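Peer 1: Got a structure for you, coords_13.cif, holding mmCIF, C-alpha atoms.
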data_structure
loop_
_atom_site.label_atom_id
_atom_site.label_comp_id
_atom_site.auth_asym_id
_atom_site.auth_seq_id
_atom_site.Cartn_x
_atom_site.Cartn_y
_atom_site.Cartn_z
CA MET A 1 25.65 -57.88 -28.93
CA GLY A 2 21.95 -57.99 -27.98
CA ASN A 3 22.85 -57.85 -24.31
CA ALA A 4 25.02 -54.73 -24.75
CA ARG A 5 22.22 -52.91 -26.54
CA LEU A 6 19.70 -53.97 -23.92
CA PHE A 7 22.05 -52.84 -21.19
CA ARG A 8 22.49 -49.42 -22.84
CA LYS A 9 18.70 -49.08 -23.20
CA LEU A 10 18.20 -49.81 -19.51
CA LYS A 11 20.89 -47.28 -18.58
CA ASN A 12 19.18 -44.58 -20.68
CA MET A 13 15.82 -45.39 -19.14
CA LYS A 14 17.36 -45.04 -15.70
CA LYS A 15 18.77 -41.62 -16.66
CA ILE A 16 15.39 -40.47 -17.99
CA GLY A 17 13.74 -41.83 -14.91
CA PHE A 18 16.02 -39.82 -12.61
CA LEU A 19 15.56 -36.70 -14.74
CA LEU A 20 11.76 -36.99 -14.60
CA PHE A 21 11.89 -37.60 -10.87
CA PHE A 22 13.93 -34.45 -10.28
CA LEU A 23 11.71 -32.41 -12.57
CA PHE A 24 8.63 -33.44 -10.62
CA LEU A 25 10.38 -32.74 -7.36
CA SER A 26 11.46 -29.24 -8.38
CA ALA A 27 8.05 -28.43 -9.85
CA SER A 28 6.38 -29.20 -6.54
CA VAL A 29 8.98 -27.28 -4.58
CA LEU A 30 8.87 -24.14 -6.74
CA ALA A 31 6.72 -21.44 -5.20
CA GLN A 32 3.76 -20.08 -7.08
CA LYS A 33 3.30 -16.47 -6.16
CA TYR A 34 0.41 -14.08 -6.42
CA TYR A 35 0.86 -10.41 -5.63
CA THR A 36 -0.70 -6.97 -5.49
CA LYS A 37 0.78 -3.47 -5.35
CA THR A 38 -2.49 -1.65 -4.88
CA GLY A 39 -4.24 -3.47 -2.07
CA THR A 40 -6.68 -1.43 0.02
CA THR A 41 -6.14 -1.42 3.77
CA GLU A 42 -8.57 0.67 5.71
CA PHE A 43 -8.80 1.52 9.38
CA ARG A 44 -11.76 2.92 11.26
CA ALA A 45 -11.49 4.39 14.75
CA SER A 46 -14.75 6.25 14.85
CA VAL A 47 -16.86 7.02 17.83
CA GLU A 48 -20.51 7.48 16.79
CA ALA A 49 -21.03 11.00 18.03
CA PHE A 50 -18.08 12.56 16.27
CA GLU A 51 -16.68 13.01 12.79
CA PRO A 52 -15.41 9.82 11.20
CA VAL A 53 -11.82 8.94 12.04
CA ALA A 54 -11.00 6.65 9.15
CA ALA A 55 -8.55 6.44 6.30
CA LYS A 56 -7.75 4.24 3.33
CA ASN A 57 -4.39 3.13 2.05
CA ARG A 58 -4.71 2.01 -1.56
CA SER A 59 -1.09 1.14 -2.15
CA THR A 60 -0.60 -1.92 0.05
CA SER A 61 1.83 -4.49 -1.37
CA ALA A 62 1.27 -8.13 -0.64
CA VAL A 63 2.73 -11.43 -1.84
CA LEU A 64 0.97 -14.74 -1.39
CA ASP A 65 2.47 -18.13 -2.12
CA ILE A 66 -0.49 -20.30 -3.08
CA LYS A 67 1.48 -23.49 -2.54
CA THR A 68 2.48 -22.84 1.06
CA GLY A 69 -0.16 -20.29 2.09
CA ASN A 70 2.58 -17.93 3.24
CA ILE A 71 1.59 -14.30 2.99
CA ALA A 72 3.50 -11.06 3.48
CA ALA A 73 2.15 -7.53 3.24
CA LEU A 74 3.66 -4.08 3.49
CA LEU A 75 2.17 -0.61 3.49
CA PHE A 76 3.51 2.91 3.91
CA VAL A 77 1.97 4.90 6.75
CA ASN A 78 2.16 8.17 4.82
CA ALA A 79 -0.04 6.71 2.09
CA PHE A 80 -3.20 6.70 4.22
CA HIS A 81 -5.52 9.30 2.76
CA PHE A 82 -7.71 11.30 5.08
CA LYS A 83 -10.37 13.76 4.01
CA VAL A 84 -9.03 16.43 6.33
CA ALA A 85 -5.40 17.58 5.97
CA LEU A 86 -4.97 18.26 9.70
CA MET A 87 -6.07 14.75 10.59
CA GLN A 88 -3.57 13.33 8.11
CA GLU A 89 -0.80 15.47 9.57
CA HIS A 90 -1.60 14.49 13.16
CA PHE A 91 -1.84 10.86 12.20
CA ASN A 92 1.56 10.87 10.53
CA GLU A 93 3.47 13.19 12.84
CA ASN A 94 1.99 12.55 16.28
CA TYR A 95 0.32 9.15 16.41
CA MET A 96 2.27 7.09 13.95
CA GLU A 97 5.57 9.02 13.85
CA ALA A 98 5.85 8.11 10.19
CA ASN A 99 9.35 9.55 9.99
CA LYS A 100 10.63 6.97 12.44
CA PHE A 101 8.36 4.12 11.37
CA PRO A 102 7.45 4.56 7.72
CA LYS A 103 6.08 1.06 7.20
CA ALA A 104 3.62 -1.37 8.70
CA THR A 105 4.21 -5.02 7.80
CA PHE A 106 2.51 -8.37 8.17
CA ARG A 107 4.05 -11.82 7.88
CA GLY A 108 1.94 -14.89 8.31
CA LYS A 109 0.29 -17.95 6.95
CA ILE A 110 -3.11 -18.85 5.62
CA GLU A 111 -3.89 -22.13 7.34
CA ARG A 112 -4.89 -25.14 5.27
CA PHE A 113 -4.87 -22.95 2.17
CA ASN A 114 -6.06 -24.82 -0.89
CA PHE A 115 -6.07 -22.71 -4.03
CA SER A 116 -7.99 -25.19 -6.17
CA GLU A 117 -11.01 -25.37 -3.87
CA ILE A 118 -11.63 -21.62 -3.87
CA ILE A 119 -14.60 -20.32 -5.79
CA ASP A 120 -16.52 -17.72 -3.84
CA ASN A 121 -15.86 -16.44 -0.31
CA LYS A 122 -13.95 -19.50 0.81
CA GLU A 123 -12.78 -18.92 4.37
CA TYR A 124 -9.39 -19.79 5.77
CA PRO A 125 -7.82 -18.74 9.08
CA ILE A 126 -4.91 -16.32 8.77
CA LYS A 127 -2.28 -16.18 11.50
CA GLY A 128 0.69 -13.92 11.64
CA THR A 129 2.60 -10.99 13.04
CA LEU A 130 1.61 -7.40 12.39
CA THR A 131 4.40 -4.89 13.01
CA VAL A 132 3.44 -1.24 13.47
CA ARG A 133 5.77 1.41 14.94
CA GLY A 134 8.31 -1.33 15.50
CA VAL A 135 5.91 -3.19 17.83
CA LYS A 136 4.83 -6.73 16.94
CA LYS A 137 1.39 -8.13 17.58
CA GLU A 138 0.04 -11.58 16.82
CA ILE A 139 -3.06 -11.48 14.65
CA ASN A 140 -5.62 -14.24 14.21
CA THR A 141 -8.34 -13.63 11.70
CA ILE A 142 -10.40 -15.19 8.91
CA GLY A 143 -9.70 -14.42 5.27
CA LYS A 144 -12.40 -14.73 2.61
CA PHE A 145 -11.02 -15.74 -0.75
CA THR A 146 -12.79 -15.39 -4.09
CA LYS A 147 -11.58 -16.10 -7.59
CA GLN A 148 -12.54 -13.59 -10.25
CA GLY A 149 -11.15 -14.43 -13.65
CA ASP A 150 -7.40 -14.67 -13.16
CA LYS A 151 -7.54 -12.58 -9.98
CA LEU A 152 -7.65 -13.84 -6.42
CA LYS A 153 -9.48 -11.57 -4.00
CA LEU A 154 -8.92 -11.48 -0.26
CA ALA A 155 -11.26 -9.79 2.20
CA ALA A 156 -10.57 -9.73 5.93
CA THR A 157 -11.30 -7.60 8.94
CA PHE A 158 -9.87 -7.61 12.46
CA PRO A 159 -9.66 -5.32 15.49
CA VAL A 160 -6.60 -3.80 17.14
CA LYS A 161 -6.11 -1.31 19.96
CA PRO A 162 -3.86 1.77 19.91
CA GLU A 163 -2.12 0.43 23.06
CA ASP A 164 -1.08 -2.69 21.15
CA PHE A 165 1.38 -0.56 19.21
CA ASP A 166 2.27 2.00 21.87
CA ILE A 167 0.12 4.63 20.21
CA LYS A 168 -0.67 7.26 22.79
CA ILE A 169 -3.93 9.10 22.36
CA PRO A 170 -3.87 12.43 24.20
CA LYS A 171 -6.67 12.82 26.74
CA ILE A 172 -8.10 15.78 24.91
CA VAL A 173 -9.13 13.63 21.94
CA SER A 174 -9.46 10.27 23.70
CA LYS A 175 -13.24 10.45 23.55
CA LYS A 176 -13.19 10.96 19.78
CA ILE A 177 -11.00 7.99 19.00
CA ALA A 178 -12.46 4.59 19.64
CA GLY A 179 -10.77 2.14 21.99
CA THR A 180 -10.93 -0.46 19.25
CA ILE A 181 -9.74 0.20 15.74
CA HIS A 182 -11.12 -1.91 12.91
CA ILE A 183 -8.80 -2.83 10.09
CA THR A 184 -10.30 -3.99 6.81
CA LEU A 185 -8.35 -5.54 3.94
CA ASP A 186 -9.46 -5.73 0.33
CA TYR A 187 -6.68 -7.15 -1.83
CA GLU A 188 -6.79 -8.31 -5.45
CA PHE A 189 -3.92 -10.62 -6.26
CA ILE A 190 -2.66 -11.53 -9.70
CA GLU A 191 -0.20 -14.23 -10.60
CA LYS A 192 3.47 -13.33 -10.70
CA LYS A 193 4.70 -14.42 -14.10
CA MET B 1 -32.36 55.76 13.68
CA SER B 2 -28.66 55.96 13.89
CA LEU B 3 -26.44 53.57 15.68
CA SER B 4 -24.63 54.73 18.73
CA LYS B 5 -20.87 54.53 18.67
CA LYS B 6 -21.00 51.65 21.14
CA SER B 7 -23.27 49.64 18.88
CA LYS B 8 -21.02 50.21 15.91
CA ILE B 9 -18.00 48.94 17.83
CA ALA B 10 -19.99 45.96 19.09
CA PHE B 11 -21.01 45.04 15.56
CA GLY B 12 -17.46 45.53 14.33
CA VAL B 13 -16.08 43.18 16.97
CA LEU B 14 -18.81 40.64 16.31
CA PHE B 15 -18.04 40.77 12.61
CA ILE B 16 -14.33 40.15 13.24
CA ILE B 17 -15.17 37.24 15.54
CA VAL B 18 -17.41 35.67 12.91
CA ILE B 19 -14.70 36.01 10.25
CA ALA B 20 -12.11 34.53 12.64
CA VAL B 21 -14.28 31.55 13.58
CA PHE B 22 -15.12 30.94 9.93
CA SER B 23 -11.43 31.04 8.95
CA VAL B 24 -10.44 28.61 11.69
CA TYR B 25 -13.22 26.27 10.61
CA LYS B 26 -12.14 26.47 6.99
CA TYR B 27 -8.51 25.83 7.87
CA SER B 28 -9.21 22.93 10.18
CA THR B 29 -11.38 21.10 7.68
CA LYS B 30 -9.40 21.69 4.49
CA PRO B 31 -8.44 18.60 2.51
CA PRO B 32 -4.81 17.66 1.79
CA ALA B 33 -3.15 19.66 -1.01
CA GLU B 34 -3.50 18.33 -4.53
CA ILE B 35 -0.33 17.15 -6.25
CA GLU B 36 -0.68 19.85 -8.91
CA ASP B 37 -0.28 22.50 -6.21
CA ARG B 38 2.62 20.97 -4.35
CA SER B 39 6.16 22.14 -5.11
CA VAL B 40 8.72 19.78 -6.62
CA ASP B 41 11.61 18.57 -4.44
CA PHE B 42 13.54 16.72 -7.14
CA THR B 43 13.76 16.66 -10.92
CA GLY B 44 15.67 14.04 -12.87
CA THR B 45 15.96 10.37 -13.71
CA TYR B 46 15.47 7.33 -11.53
CA LYS B 47 19.23 6.72 -11.26
CA GLU B 48 19.81 10.21 -9.90
CA LEU B 49 16.93 9.92 -7.45
CA PHE B 50 18.04 6.53 -6.23
CA ARG B 51 21.47 7.92 -5.36
CA GLU B 52 19.79 10.51 -3.14
CA ILE B 53 17.51 7.97 -1.49
CA GLU B 54 20.43 5.67 -0.73
CA ILE B 55 22.02 8.45 1.29
CA ASN B 56 18.93 9.13 3.41
CA ALA B 57 15.69 7.31 2.68
CA ALA B 58 13.64 8.85 5.51
CA LEU B 59 14.23 12.32 4.08
CA TRP B 60 12.45 11.40 0.86
CA GLN B 61 9.13 10.28 2.29
CA ASP B 62 6.21 12.37 1.08
CA LYS B 63 8.47 14.35 -1.27
CA ILE B 64 7.25 15.43 -4.71
CA VAL B 65 9.40 14.36 -7.64
CA LEU B 66 9.50 14.95 -11.37
CA ILE B 67 10.92 11.81 -13.01
CA SER B 68 11.66 11.24 -16.67
CA GLY B 69 11.88 7.72 -17.96
CA GLU B 70 10.50 4.95 -20.10
CA ILE B 71 7.33 3.07 -19.27
CA SER B 72 8.29 -0.56 -18.67
CA SER B 73 4.81 -2.02 -18.12
CA LEU B 74 1.25 -1.03 -17.33
CA ASP B 75 -1.42 -2.46 -15.04
CA ASP B 76 -4.92 -1.47 -13.96
CA LYS B 77 -3.93 1.25 -11.50
CA GLY B 78 -0.60 2.54 -12.75
CA PHE B 79 2.65 1.65 -14.45
CA VAL B 80 6.27 0.76 -13.90
CA LEU B 81 8.74 3.46 -14.95
CA SER B 82 12.41 2.80 -15.67
CA LYS B 83 11.89 -0.80 -14.48
CA ASN B 84 12.26 0.30 -10.86
CA ILE B 85 9.50 2.74 -10.00
CA TYR B 86 5.87 1.84 -9.58
CA CYS B 87 3.64 4.88 -10.21
CA ILE B 88 0.09 4.77 -8.93
CA LEU B 89 -1.92 7.18 -11.04
CA LYS B 90 -4.02 9.95 -9.58
CA GLU B 91 -6.55 9.31 -12.32
CA VAL B 92 -6.83 5.85 -13.85
CA SER B 93 -8.19 7.35 -17.08
CA ILE B 94 -4.63 8.42 -17.93
CA LEU B 95 -3.86 4.75 -18.68
CA LYS B 96 -5.68 5.12 -21.98
CA LYS B 97 -3.29 7.85 -23.09
CA ILE B 98 -0.02 6.05 -22.43
CA THR B 99 1.68 3.00 -23.85
CA SER B 100 4.56 0.74 -23.00
CA LYS B 101 8.05 1.92 -24.11
CA GLN B 102 6.85 5.52 -24.15
CA ASN B 103 9.18 8.18 -22.70
CA ILE B 104 7.40 10.45 -20.27
CA ILE B 105 7.85 12.84 -17.37
CA ILE B 106 5.68 12.22 -14.34
CA LYS B 107 5.00 14.23 -11.22
CA GLY B 108 4.40 12.02 -8.22
CA ARG B 109 4.74 11.69 -4.46
CA ILE B 110 7.24 9.27 -2.95
CA ILE B 111 5.62 6.95 -0.48
CA GLY B 112 8.64 4.70 0.02
CA TYR B 113 10.86 1.87 -1.17
CA ASP B 114 8.86 -1.33 -1.36
CA ASP B 115 11.29 -4.06 -0.35
CA LEU B 116 8.68 -6.77 -0.83
CA LEU B 117 8.44 -6.13 -4.54
CA GLU B 118 11.77 -4.31 -4.83
CA GLU B 119 10.71 -1.05 -6.37
CA LEU B 120 10.26 2.59 -5.42
CA LYS B 121 6.60 3.45 -4.94
CA LEU B 122 5.01 6.74 -6.00
CA ASP B 123 1.38 7.75 -5.79
CA GLN B 124 -0.85 10.62 -7.01
CA CYS B 125 1.08 10.43 -10.28
CA ILE B 126 0.17 12.78 -13.11
CA ILE B 127 1.78 13.05 -16.51
CA GLN B 128 3.77 16.22 -16.83
CA LYS B 129 4.83 15.84 -20.43
CA LYS B 130 4.97 13.12 -23.04
#
Go through the file and emit its structure as structure tokens.

Peer 2:
Amino acid sequence: MGNARLFRKLKNMKKIGFLLFFLFLSASVLAQKYYTKTGTTEFRASVEAFEPVAAKNRSTSAVLDIKTGNIAALLFVNAFHFKVALMQEHFNENYMEANKFPKATFRGKIERFNFSEIIDNKEYPIKGTLTVRGVKKEINTIGKFTKQGDKLKLAATFPVKPEDFDIKIPKIVSKKIAGTIHITLDYEFIEKK
Amino acid sequence: MSLSKKSKIAFGVLFIIVIAVFSVYKYSTKPPAEIEDRSVDFTGTYKELFREIEINAALWQDKIVLISGEISSLDDKGFVLSKNIYCILKEVSILKKITSKQNIIIKGRIIGYDDLLEELKLDQCIIQKK
């Protein structure tokens, strides 16, 4: 009688053990995502002597998995705001052909990302593919991460060239548009619940 | 001292040139049109709009729409309407005047379908009616 009870107890413990093991396994495998719908992506192609050629896109979407460091971002080309309507039109219709290529996307990974060690301006390398006008380019940059309350901020800046994405600058304005375009990111992520 | 006919013509031409140059300058530096001034391309609910977008998404970029629906949730820059549209407000101060579950009509510009977060994205949103 005692043996049977003991045997049943051991069997139950085994079941609980397996259950706990699987729970721990799934908890560590489940992604933990942070996102933003209103990230600011800015580009600057100014040449000192002329009027600023710069615009901000304040509706960038991005998702970051803090467990894996995987990051994906997406923005709509027609959401870049310029101060001058003509510049915005030329940007969309001639340079970017926004009708054909409405989005610019990024898929990559934040290397050695460790969410718990971030306090203020913690730097991690970010590697990934930026796709603009259907053309892919590998990007290598440094991201600065800061925690602010329950938000996670990301600041990064990197250069690209119009040629990288087959963007043809007509000779008549080639002096006004810099050979190197600086892209600046300012994203505030919140946890996806 | 009266002006000779030639002088009058010269001044006249100069005047026209100045006006022309000024107009070209004004036109070439004007900012993009405000949403209040842009004409509406679609009026209706999200379901009706989505049907149109499914047919030809590229056609709907940069189009102005008037959507009626219920506010699903709010955040610091805008709100989700009808569970499927994210509206970025033209003025963040509007957030104080709206609440979740409220039925409203918004006027906004379509920027595109966000397949990362699976929702239609609108910006420059203003409240048309409560």

Peer 1: Return as a PyMOL selection string the set of residues that the PyMOL selection byres ((chain B and resi 39) around 12) yields on the displayed structure.

Peer 2: chain B and resi 33-38+40-43+62-66+107-109

Peer 1: Any chance you can output those residues with C-alpha atoms as a PDB file, keeping the file's coordinate frame?

Peer 2:
ATOM      1  CA  ALA B  33      -3.150  19.660  -1.010  1.00  0.00           C
ATOM      2  CA  GLU B  34      -3.500  18.330  -4.530  1.00  0.00           C
ATOM      3  CA  ILE B  35      -0.330  17.150  -6.250  1.00  0.00           C
ATOM      4  CA  GLU B  36      -0.680  19.850  -8.910  1.00  0.00           C
ATOM      5  CA  ASP B  37      -0.280  22.500  -6.210  1.00  0.00           C
ATOM      6  CA  ARG B  38       2.620  20.970  -4.350  1.00  0.00           C
ATOM      7  CA  VAL B  40       8.720  19.780  -6.620  1.00  0.00           C
ATOM      8  CA  ASP B  41      11.610  18.570  -4.440  1.00  0.00           C
ATOM      9  CA  PHE B  42      13.540  16.720  -7.140  1.00  0.00           C
ATOM     10  CA  THR B  43      13.760  16.660 -10.920  1.00  0.00           C
ATOM     11  CA  ASP B  62       6.210  12.370   1.080  1.00  0.00           C
ATOM     12  CA  LYS B  63       8.470  14.350  -1.270  1.00  0.00           C
ATOM     13  CA  ILE B  64       7.250  15.430  -4.710  1.00  0.00           C
ATOM     14  CA  VAL B  65       9.400  14.360  -7.640  1.00  0.00           C
ATOM     15  CA  LEU B  66       9.500  14.950 -11.370  1.00  0.00           C
ATOM     16  CA  LYS B 107       5.000  14.230 -11.220  1.00  0.00           C
ATOM     17  CA  GLY B 108       4.400  12.020  -8.220  1.00  0.00           C
ATOM     18  CA  ARG B 109       4.740  11.690  -4.460  1.00  0.00           C
TER      19      ARG B 109
END

Peer 1: With only C-alpha atoms counted and 8 Å as the cut-off, give the residues of segment 18-112 of chain B in contact with segment 95-110 of chain A, each with its shortest interatomic distance in Å and the pair that gives it, as a Markdown table.

Peer 2:
| residue | atom | partner | partner_atom | distance |
| --- | --- | --- | --- | --- |
| B:Ala58 | CA | A:Asn99 | CA | 6.2 |
| B:Gln61 | CA | A:Asn99 | CA | 7.7 |
| B:Gly112 | CA | A:Pro102 | CA | 7.8 |

Peer 1: Take the PyMOL selection byres ((chain B and resi 78) around 9), run it mentally on this structure, and tell me the resulting residues as a VMD selection string.

Peer 2: chain B and resid 73 to 77 79 to 80 86 to 90 92 94 to 95 123 125

Peer 1: Taking the file as shown, find all residues satisfying the PyMOL selection byres ((chain B) within 6 of (chain A)) and write them as a VMD selection string.

Peer 2: chain B and resid 29 to 32

Peer 1: To one decimal in Å, tell me the separation between atom CA of Thr40 of chain A and atom CA of Thr184 of chain A.

Peer 2: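 Between atom CA of Thr40 of chain A and atom CA of Thr184 of chain A the gap works out to 8.1 Å.
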
Peer 1: Which one of B:Ile98, B:Lys6, B:Ile55, B:Ile85 sits closest to Leu117 of chain B if you count all atoms listed in the file?

Peer 2: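 Going through B:Ile98, B:Lys6, B:Ile55, B:Ile85 one by one, the smallest distance to Leu117 of chain B is for B:Ile85.
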
Peer 1: Work out how far atom CA of Leu130 of chain A is from atom CA of Pro159 of chain A, in Å to one decimal.

Peer 2: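 Rounded to one decimal, the two atoms are 11.9 Å apart.
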
Peer 1: Can you list, as a tab-separated table (two decimals) with C-alpha atoms, in the frame of the given file, every protein, DNA or RNA residue that comes within 8 Å of Glu138 of chain A when you count all atoms listed in the file, leaving out same-chain residues fewer than 6 positions away?

Peer 2:
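File result05.tsv, as written:
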chain	number	residue	atom	x	y	z
A	127	LYS	CA	-2.28	-16.18	11.50
A	128	GLY	CA	0.69	-13.92	11.64
A	129	THR	CA	2.60	-10.99	13.04
A	130	LEU	CA	1.61	-7.40	12.39

Peer 1: With distances taken over all atoms listed in the file, which residue among A:Ile139, A:Ile181, A:Ile71, A:Met13 lies nearest Glu163 of chain A?

Peer 2: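 Ranked by minimum distance to Glu163 of chain A, first place goes to A:Ile181.
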
Peer 1: What does the structure give for the distance between atom CA of Asn56 of chain B and atom CA of Glu93 of chain A, in Å to one decimal?

Peer 2: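 Result for atom CA of Asn56 of chain B versus atom CA of Glu93 of chain A: 18.6 Å, one decimal.
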
Peer 1: Measuring between only C-alpha atoms, which one of B:Ser68, B:Glu91, B:Ala10, B:Ile16 shows the shortest distance to Leu49 of chain B?

Peer 2: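 Nearest candidate to Leu49 of chain B out of B:Ser68, B:Glu91, B:Ala10, B:Ile16: B:Ser68.
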
Peer 1: Please determine, counting all atoms listed in the file, which residue among A:Gly149, A:Ile167, A:Lys144, A:Asn121 has the shortest atom-to-atom distance to Asn92 of chain A.

Peer 2: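 So, comparing all the options, the nearest one is A:Ile167.
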
Peer 1: From the block I gave, I'd like segment 83-104 of chain B written with N, CA and C atoms, as an mmCIF file, in the first residue's frame.

Peer 2:
data_model
loop_
_atom_site.group_PDB
_atom_site.id
_atom_site.type_symbol
_atom_site.label_atom_id
_atom_site.label_comp_id
_atom_site.auth_asym_id
_atom_site.auth_seq_id
_atom_site.Cartn_x
_atom_site.Cartn_y
_atom_site.Cartn_z
ATOM 1 N N LYS B 83 -9.999 49.646 -35.099
ATOM 2 C CA LYS B 83 -9.020 48.581 -34.852
ATOM 3 C C LYS B 83 -7.963 48.402 -35.934
ATOM 4 N N ASN B 84 -8.155 49.023 -37.095
ATOM 5 C CA ASN B 84 -7.243 48.766 -38.204
ATOM 6 C C ASN B 84 -6.539 49.966 -38.813
ATOM 7 N N ILE B 85 -6.906 51.176 -38.339
ATOM 8 C CA ILE B 85 -6.262 52.359 -38.907
ATOM 9 C C ILE B 85 -5.528 53.097 -37.810
ATOM 10 N N TYR B 86 -4.258 53.434 -38.081
ATOM 11 C CA TYR B 86 -3.536 54.243 -37.115
ATOM 12 C C TYR B 86 -3.509 55.668 -37.647
ATOM 13 N N CYS B 87 -4.073 56.608 -36.879
ATOM 14 C CA CYS B 87 -4.149 58.006 -37.300
ATOM 15 C C CYS B 87 -3.164 58.850 -36.517
ATOM 16 N N ILE B 88 -2.192 59.427 -37.238
ATOM 17 C CA ILE B 88 -1.247 60.321 -36.590
ATOM 18 C C ILE B 88 -1.870 61.711 -36.669
ATOM 19 N N LEU B 89 -2.026 62.335 -35.517
ATOM 20 C CA LEU B 89 -2.715 63.617 -35.474
ATOM 21 C C LEU B 89 -1.864 64.770 -35.989
ATOM 22 N N LYS B 90 -2.533 65.717 -36.627
ATOM 23 C CA LYS B 90 -1.834 66.918 -37.081
ATOM 24 C C LYS B 90 -1.413 67.720 -35.861
ATOM 25 N N GLU B 91 -2.333 67.795 -34.886
ATOM 26 C CA GLU B 91 -2.017 68.495 -33.642
ATOM 27 C C GLU B 91 -2.261 67.572 -32.462
ATOM 28 N N VAL B 92 -1.222 67.329 -31.685
ATOM 29 C CA VAL B 92 -1.308 66.397 -30.564
ATOM 30 C C VAL B 92 -2.289 66.865 -29.482
ATOM 31 N N SER B 93 -2.561 68.166 -29.455
ATOM 32 C CA SER B 93 -3.472 68.699 -28.439
ATOM 33 C C SER B 93 -4.882 68.125 -28.575
ATOM 34 N N ILE B 94 -5.222 67.615 -29.738
ATOM 35 C CA ILE B 94 -6.540 67.018 -29.978
ATOM 36 C C ILE B 94 -6.763 65.802 -29.078
ATOM 37 N N LEU B 95 -5.663 65.149 -28.673
ATOM 38 C CA LEU B 95 -5.770 63.961 -27.822
ATOM 39 C C LEU B 95 -6.582 64.233 -26.564
ATOM 40 N N LYS B 96 -6.507 65.462 -26.076
ATOM 41 C CA LYS B 96 -7.212 65.800 -24.836
ATOM 42 C C LYS B 96 -8.718 65.798 -25.049
ATOM 43 N N LYS B 97 -9.136 65.993 -26.313
ATOM 44 C CA LYS B 97 -10.568 66.139 -26.563
ATOM 45 C C LYS B 97 -11.250 64.838 -26.954
ATOM 46 N N ILE B 98 -10.477 63.775 -27.095
ATOM 47 C CA ILE B 98 -11.086 62.513 -27.521
ATOM 48 C C ILE B 98 -10.827 61.409 -26.510
ATOM 49 N N THR B 99 -11.745 60.423 -26.535
ATOM 50 C CA THR B 99 -11.589 59.294 -25.618
ATOM 51 C C THR B 99 -11.822 57.989 -26.351
ATOM 52 N N SER B 100 -11.370 56.935 -25.743
ATOM 53 C CA SER B 100 -11.552 55.602 -26.300
ATOM 54 C C SER B 100 -13.045 55.303 -26.420
ATOM 55 N N LYS B 101 -13.416 54.509 -27.429
ATOM 56 C CA LYS B 101 -14.792 54.071 -27.682
ATOM 57 C C LYS B 101 -15.662 55.175 -28.285
ATOM 58 N N GLN B 102 -15.086 56.362 -28.464
ATOM 59 C CA GLN B 102 -15.840 57.455 -29.050
ATOM 60 C C GLN B 102 -16.001 57.237 -30.561
ATOM 61 N N ASN B 103 -17.170 57.640 -31.099
ATOM 62 C CA ASN B 103 -17.376 57.559 -32.549
ATOM 63 C C ASN B 103 -17.051 58.906 -33.148
ATOM 64 N N ILE B 104 -16.146 58.913 -34.124
ATOM 65 C CA ILE B 104 -15.764 60.195 -34.725
ATOM 66 C C ILE B 104 -15.583 60.075 -36.231
#
